[in-house]
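> Below you'll find the structure I mean.
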Amino acid sequence: MKKIIIGLVLILAIGLFTGCSSDTQATDIEVDQYTIGITQFGEHASLDNCREGFIAGLAEEGFIEGENLTIIYENAQFDNGISNQIAQSFVSKKVDLIGAIATPVAQSSFNAAKDKDIPVVFTAVTDPVAAMLTEGNVTGTSDKLPVEAQLKLIRAMLPQAKNIGILYTTSEVNSLSTIEEYKALAGNYGFEIVDMGVSATADVPLAVDRILPQVDAMTNLTDNTVVGSLPVILEKANAKGVPVFGSEIEQVKLGCIASEGIEYVELGKQTGRMAAQILSGEKTADEIAYEIIEKSSLYINSHVMEEFNLSLAQEYMDRAMDVAE
Amino acid sequence: MDIFIGILEQGMIYAILALGLYITYRILNFPDLTVDGSFPLGAAVTAYLMTNTGDLVATISLGHNPYIICLYALMAGAIAGLVTGIIHVKFNIRDLISGIITMTGLYSINLRIAGSANVPIFNLDTIFSNSTMDMIFPESLLRYKVIIIATIITIATKIILDLYLKTKSGFLLRAVGNNEILVTTLAKDNGNIKILGLVIGNGIVALSGSILMQQQGFFEITMGTGAMVLGLASVIIGINVFKKIKFVKATTSVIFGSIIYKAAMSAAMDIRFARASDMKLITAILFLLILIFSEGKKKKVKVDA
């Protein structure tokens, strides 16, 4: 019998804990006070930048954390089960809005909130149509890569190149749709795409060794596993004399030669402004279509360019930002 | 209140996974890593049968009936268990490695079946939301719909398992885990019984994957990562906390174990002095406390005796 009592006490204790915190949450909400939940799929530089931008975007529109805005931030540690539980806890705390960073948490949040009248604003979702996040009380921004601009950049820097290699993770749905787009557009610039899938970080070194002899240049997607292994890829590619193009600023800082990418802080800000429109009651999430950043930002690493003895035409250099230290 | 509903919903759905692991880990004494593959396999089969509009799929699933689809998911998991069993028993390969082999292969198979690493099924009929269910549940009970349906399925699975374990075949299954020699003296083949256990266990695990997928509204290839660990923790917590209480069946303890696991995770989320990334550490500490709590009591009893 004691066991049962201990068990019950434990469950109750946990319940009290959660119960208490939601009570304090409720008393915080006065006139013009807002509470939002931000859920992020995992710890990752680009996703962190999104969140930072999101909060900044809200602040620009007058929703300032600590003043009239309470933010509950949760991180799903790349775990599907946790992402569901976070979504449910936000819904049960009756937040005014859920900000969701990356596809799986956006889907969990939308699923948990869709019948509860809580709007979901996502960011860093590459293909909102395929993720079925376009209809209902949901909107946000896509981090679709500017593939065409990237192909132009590679052509401008490497007039002779023929084959471009791309590594991707088979579990990342965003990578597959971007590769499809690369393949569709590559022909227009005289390129062919050589792609190779990996299933885990441990596969990356083997895959790099196989793909390098077949290509004149490599380009990266925003694939989490591959980007996480970038140092290995760069080391092997540099040894073979194959330049690696990045997909955003952080990768160029690490040693990619250049990138026509999106800037995640900007993307987050754009998303934050959309969230502000919804919070202020100006528009509902239903009325706002999802947005894409049309303008790409060009980043170059002049050290790497010197090493490879490559250059860019003046029209590119004029708008390029050099991130080499 | 809503937090409790959330915990119970997740706990009940994962309890089915834990029941599957109870069969393999606790009864068969088999550390079965197939689970990390068979859990998403159930979800992948569900995604395929729900989204494929071909005539054949419509026919075999009786017009995309979600309940029939659950049965297909269960069968797919059973096949995965069969493969692990055959690898282990017929080819004499160690238990851990057999599971790893099947799990590794299932990653590609799951991607093939689902067609993509992420398949959303919002707006499609699921066991939780379809015209019949919408009719049965009145407006006032709608928020309890998922928890009621999940509890019914979990309890049904538990009762069927309990009844099965009382049959002759169930008795042999328990004997294989405890005392292989006894089974041999009864002139029964240990190997076949082990295979049967893996078939049942993984079938249940895949059913759980299918149900979770229908509740969360999408398939995601990574949803199996850590499934084995999660299920195992639920089994061990449940059995430890309730082991001294005679009238609580092991299967019931396992279900409570899963709910306690989810409650601990939920509590870890709300402990606000920590960074969001500390959640797993806090969860780990809570588990340790739960286990020490139940172990500590046991020692006292021994001293008294």
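Ordering of the structure tokens sets the chain letters (A, B, ...); residue numbers start at 1 within each chain; ligands are numbered from 1 in the order shown.
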I'd like to know which residues of segment 28-174 of chain B are helix (DSSP H, G or I) (by DSSP, run on the backbone); could you write them as a ChimeraX atom specification?
/B:35-51,55-60,66-90,95-114,131-136,139-166,168-174
> Could you list, as a ChimeraX atom specification, every residue within 6 Å of segment 132-137 of chain A, counting only C-alpha atoms and ignoring same-chain residues fewer than 2 positions away?
/A:119,128-130,285-286
> Pull C-alpha atoms from the residues just selected and write them as a PDB file, in the first residue's frame.

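What follows is the written file result.pdb:
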ATOM      1  CA  PRO A 119      -2.482  30.955 -34.168  1.00  0.00           C
ATOM      2  CA  PRO A 128       5.156  24.828 -46.203  1.00  0.00           C
ATOM      3  CA  VAL A 129       2.990  23.381 -48.984  1.00  0.00           C
ATOM      4  CA  ALA A 130       4.430  19.880 -48.651  1.00  0.00           C
ATOM      5  CA  ALA A 285      -2.991  33.976 -39.404  1.00  0.00           C
ATOM      6  CA  ASP A 286      -5.523  32.650 -41.859  1.00  0.00           C
TER       7      ASP A 286
END
> Skipping near chain neighbours, those fewer than 3 positions away, what residues fall within 8 Å of segment 74-91 of chain A using only C-alpha atoms, listed as number ranges by chain?
A: 37-43, 94-95, 98, 104-105, 108-109, 112-113, 116, 118; B: 2-3, 6-7, 10, 216, 220, 222-223, 225, 266, 269, 276-277
> As a list in words, list the residues of segment 7-256 of chain B assigned to strand (DSSP E) by DSSP on the backbone atoms of this structure.
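Taking segment 7-256 of chain B and keeping strand (DSSP E) only, one gets Asn118, Val119, Pro120, Phe218, Phe219 and Glu220 of chain B.
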> If you count only C-alpha atoms, which residues fall within 7 Å of Val194 of chain A, apart from same-chain ones fewer than 3 positions away, as a PDB file with C-alpha atoms, in the first residue's frame?

ATOM      1  CA  ASN A 163      29.594  18.745 -62.063  1.00  0.00           C
ATOM      2  CA  ILE A 164      28.365  20.070 -58.727  1.00  0.00           C
ATOM      3  CA  GLY A 165      28.260  17.709 -55.778  1.00  0.00           C
ATOM      4  CA  ILE A 166      25.624  17.870 -53.047  1.00  0.00           C
TER       5      ILE A 166
END
> Could you list, as a PDB file with N, CA and C atoms, in the first residue's frame, every residue within 8 Å of Leu41 of chain B, counting only C-alpha atoms and ignoring same-chain residues fewer than 2 positions away?

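For reference, selection_38.pdb as written:
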ATOM      1  N   GLY B  37      13.190   0.806 -35.113  1.00  0.00           N
ATOM      2  CA  GLY B  37      12.755   0.749 -36.504  1.00  0.00           C
ATOM      3  C   GLY B  37      11.295   0.361 -36.648  1.00  0.00           C
ATOM      4  N   SER B  38      10.801  -0.521 -35.764  1.00  0.00           N
ATOM      5  CA  SER B  38       9.427  -0.988 -35.942  1.00  0.00           C
ATOM      6  C   SER B  38       8.416   0.065 -35.485  1.00  0.00           C
ATOM      7  N   PHE B  39       8.807   0.946 -34.565  1.00  0.00           N
ATOM      8  CA  PHE B  39       7.915   2.030 -34.137  1.00  0.00           C
ATOM      9  C   PHE B  39       7.602   2.968 -35.311  1.00  0.00           C
ATOM     10  N   ALA B  43       4.167   3.739 -38.218  1.00  0.00           N
ATOM     11  CA  ALA B  43       3.753   5.068 -38.673  1.00  0.00           C
ATOM     12  C   ALA B  43       3.877   5.194 -40.189  1.00  0.00           C
ATOM     13  N   ALA B  44       4.951   4.604 -40.751  1.00  0.00           N
ATOM     14  CA  ALA B  44       5.180   4.697 -42.197  1.00  0.00           C
ATOM     15  C   ALA B  44       4.088   3.960 -42.959  1.00  0.00           C
ATOM     16  N   VAL B  45       3.743   2.764 -42.485  1.00  0.00           N
ATOM     17  CA  VAL B  45       2.687   1.990 -43.142  1.00  0.00           C
ATOM     18  C   VAL B  45       1.375   2.778 -43.081  1.00  0.00           C
ATOM     19  N   ALA B  73      -0.551  -1.883 -39.772  1.00  0.00           N
ATOM     20  CA  ALA B  73       0.662  -1.412 -39.090  1.00  0.00           C
ATOM     21  C   ALA B  73       1.146  -2.479 -38.116  1.00  0.00           C
ATOM     22  N   ALA B  76       2.799  -5.260 -39.993  1.00  0.00           N
ATOM     23  CA  ALA B  76       4.124  -4.877 -40.491  1.00  0.00           C
ATOM     24  C   ALA B  76       5.150  -5.006 -39.371  1.00  0.00           C
ATOM     25  N   GLY B  77       4.784  -4.535 -38.188  1.00  0.00           N
ATOM     26  CA  GLY B  77       5.686  -4.644 -37.044  1.00  0.00           C
ATOM     27  C   GLY B  77       5.973  -6.092 -36.702  1.00  0.00           C
ATOM     28  N   LEU B 106      15.458  -1.243 -41.585  1.00  0.00           N
ATOM     29  CA  LEU B 106      14.128  -0.628 -41.556  1.00  0.00           C
ATOM     30  C   LEU B 106      14.173   0.868 -41.866  1.00  0.00           C
ATOM     31  N   ASN B 110      11.444   2.114 -44.207  1.00  0.00           N
ATOM     32  CA  ASN B 110      10.459   3.097 -43.756  1.00  0.00           C
ATOM     33  C   ASN B 110      10.379   4.284 -44.702  1.00  0.00           C
ATOM     34  N   ALA B 206       4.664  -1.386 -33.297  1.00  0.00           N
ATOM     35  CA  ALA B 206       4.273  -0.719 -34.541  1.00  0.00           C
ATOM     36  C   ALA B 206       2.866  -0.131 -34.423  1.00  0.00           C
ATOM     37  N   GLY B 209       3.242   3.102 -32.830  1.00  0.00           N
ATOM     38  CA  GLY B 209       3.748   4.090 -33.786  1.00  0.00           C
ATOM     39  C   GLY B 209       2.641   4.617 -34.675  1.00  0.00           C
TER      40      GLY B 209
END
> Tell me, as a short mmCIF file (atom, residue, chain, number, x, y, z; two decimals) with C-alpha atoms, in the first residue's frame, which residues lie within 12 Å of Ala239 of chain A, counting only C-alpha atoms; anything in the same chain fewer than 5 positions away does not count.

data_model
loop_
_atom_site.label_atom_id
_atom_site.label_comp_id
_atom_site.auth_asym_id
_atom_site.auth_seq_id
_atom_site.Cartn_x
_atom_site.Cartn_y
_atom_site.Cartn_z
CA VAL A 208 32.81 12.89 -49.12
CA ASP A 209 35.59 10.57 -50.27
CA LEU A 212 34.90 14.41 -54.46
CA PRO A 213 36.52 12.64 -57.46
CA VAL A 232 35.39 17.27 -42.28
CA ILE A 233 34.01 18.12 -45.70
CA LEU A 234 36.14 21.26 -46.02
CA VAL A 244 32.83 24.23 -51.39
CA GLU A 307 43.79 29.94 -51.77
CA PHE A 308 41.84 28.63 -54.73
#
> Which residues of chain B are close to chain A, meaning at most 9 Å apart when you count only C-alpha atoms, and how do they look as a ChimeraX atom specification?
/B:1-7,10,107-108,111,116-122,215-218,220-226,241-245,260,262-267,269-271,275-277,279-280,290,293-294,297
> Please produce a file of the residues just selected, as a PDB file, in the first residue's frame, where the atoms kept are C-alpha atoms.

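Once written, selection17.pdb looks like this:
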ATOM      1  CA  MET B   1      -6.032  20.401 -16.118  1.00  0.00           C
ATOM      2  CA  ASP B   2      -5.094  20.553 -19.774  1.00  0.00           C
ATOM      3  CA  ILE B   3      -1.553  19.652 -18.826  1.00  0.00           C
ATOM      4  CA  PHE B   4      -2.853  16.457 -17.224  1.00  0.00           C
ATOM      5  CA  ILE B   5      -4.844  15.632 -20.319  1.00  0.00           C
ATOM      6  CA  GLY B   6      -1.728  16.145 -22.426  1.00  0.00           C
ATOM      7  CA  ILE B   7       0.343  13.895 -20.160  1.00  0.00           C
ATOM      8  CA  GLN B  10       0.984  10.939 -24.585  1.00  0.00           C
ATOM      9  CA  TYR B 107      15.399   2.957 -41.832  1.00  0.00           C
ATOM     10  CA  SER B 108      15.536   2.656 -45.641  1.00  0.00           C
ATOM     11  CA  LEU B 111      11.567   5.889 -46.092  1.00  0.00           C
ATOM     12  CA  SER B 116       9.304  10.945 -47.869  1.00  0.00           C
ATOM     13  CA  ALA B 117      10.975  11.742 -44.557  1.00  0.00           C
ATOM     14  CA  ASN B 118       7.962  13.781 -43.469  1.00  0.00           C
ATOM     15  CA  VAL B 119       4.364  13.045 -44.449  1.00  0.00           C
ATOM     16  CA  PRO B 120       1.603  15.250 -42.988  1.00  0.00           C
ATOM     17  CA  ILE B 121      -1.912  13.798 -42.701  1.00  0.00           C
ATOM     18  CA  PHE B 122      -3.801  16.799 -41.313  1.00  0.00           C
ATOM     19  CA  GLN B 215      -2.535  11.701 -33.063  1.00  0.00           C
ATOM     20  CA  GLN B 216       0.338  14.037 -33.994  1.00  0.00           C
ATOM     21  CA  GLY B 217      -0.874  14.395 -37.574  1.00  0.00           C
ATOM     22  CA  PHE B 218       2.326  13.564 -39.423  1.00  0.00           C
ATOM     23  CA  GLU B 220       8.548  11.809 -39.408  1.00  0.00           C
ATOM     24  CA  ILE B 221      11.401   9.410 -40.119  1.00  0.00           C
ATOM     25  CA  THR B 222      13.223  10.369 -36.906  1.00  0.00           C
ATOM     26  CA  MET B 223      10.269   9.511 -34.660  1.00  0.00           C
ATOM     27  CA  GLY B 224      11.796   6.126 -33.817  1.00  0.00           C
ATOM     28  CA  THR B 225      14.983   7.590 -32.393  1.00  0.00           C
ATOM     29  CA  GLY B 226      15.066   6.704 -28.723  1.00  0.00           C
ATOM     30  CA  VAL B 241       7.238   1.646  -8.450  1.00  0.00           C
ATOM     31  CA  PHE B 242       4.508  -0.983  -8.259  1.00  0.00           C
ATOM     32  CA  LYS B 243       6.474  -4.169  -7.590  1.00  0.00           C
ATOM     33  CA  LYS B 244       5.397  -4.540  -3.954  1.00  0.00           C
ATOM     34  CA  ILE B 245       1.728  -4.242  -4.730  1.00  0.00           C
ATOM     35  CA  ILE B 260       4.968   8.676 -14.938  1.00  0.00           C
ATOM     36  CA  LYS B 262       5.656  11.580 -19.517  1.00  0.00           C
ATOM     37  CA  ALA B 263       4.716  13.403 -16.314  1.00  0.00           C
ATOM     38  CA  ALA B 264       8.390  13.647 -15.361  1.00  0.00           C
ATOM     39  CA  MET B 265       9.232  15.057 -18.788  1.00  0.00           C
ATOM     40  CA  SER B 266       6.421  17.563 -18.523  1.00  0.00           C
ATOM     41  CA  ALA B 267       7.610  18.618 -15.077  1.00  0.00           C
ATOM     42  CA  MET B 269       9.843  21.409 -19.007  1.00  0.00           C
ATOM     43  CA  ASP B 270       8.376  23.623 -16.314  1.00  0.00           C
ATOM     44  CA  ILE B 271      11.332  23.758 -13.977  1.00  0.00           C
ATOM     45  CA  ARG B 275      17.872  26.518 -19.656  1.00  0.00           C
ATOM     46  CA  ALA B 276      15.574  24.830 -22.155  1.00  0.00           C
ATOM     47  CA  SER B 277      18.449  22.559 -23.135  1.00  0.00           C
ATOM     48  CA  MET B 279      15.413  19.468 -19.906  1.00  0.00           C
ATOM     49  CA  LYS B 280      16.909  16.047 -20.553  1.00  0.00           C
ATOM     50  CA  ILE B 290      11.763   7.789  -8.823  1.00  0.00           C
ATOM     51  CA  PHE B 293      12.465   6.052  -4.050  1.00  0.00           C
ATOM     52  CA  SER B 294      11.122   2.641  -4.968  1.00  0.00           C
ATOM     53  CA  LYS B 297      11.648   1.121   0.245  1.00  0.00           C
TER      54      LYS B 297
END
> List as a list in words the protein and nucleic acid residues near Leu196 of chain B, meaning an atom at most 8 Å away when only C-alpha atoms are counted, but skip any in the same chain fewer than 4 places from it.
Leu82, Gly85, Asn192 and Ile200 of chain B
> Those residues with C-alpha atoms, as a CSV table (one decimal), in the first residue's frame please?

chain,number,residue,atom,x,y,z
B,82,LEU,CA,9.8,-12.1,-37.3
B,85,GLY,CA,13.8,-13.5,-34.6
B,192,ASN,CA,10.3,-20.7,-32.1
B,200,ILE,CA,4.1,-10.0,-30.7
> Which of these, B:Ile16, B:Ser129, B:Leu28, B:Thr157, has the shortest distance to Ile193 of chain B once you count only C-alpha atoms?
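Closest to Ile193 of chain B, using only C-alpha atoms: B:Leu28.
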> Could you work out how far atom CA of Leu19 of chain B lies from atom CA of Gly231 of chain B, giving the answer in Å with one decimal?
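Spanning atom CA of Gly231 of chain B to atom CA of Leu19 of chain B is a straight-line distance of 8.1 Å.
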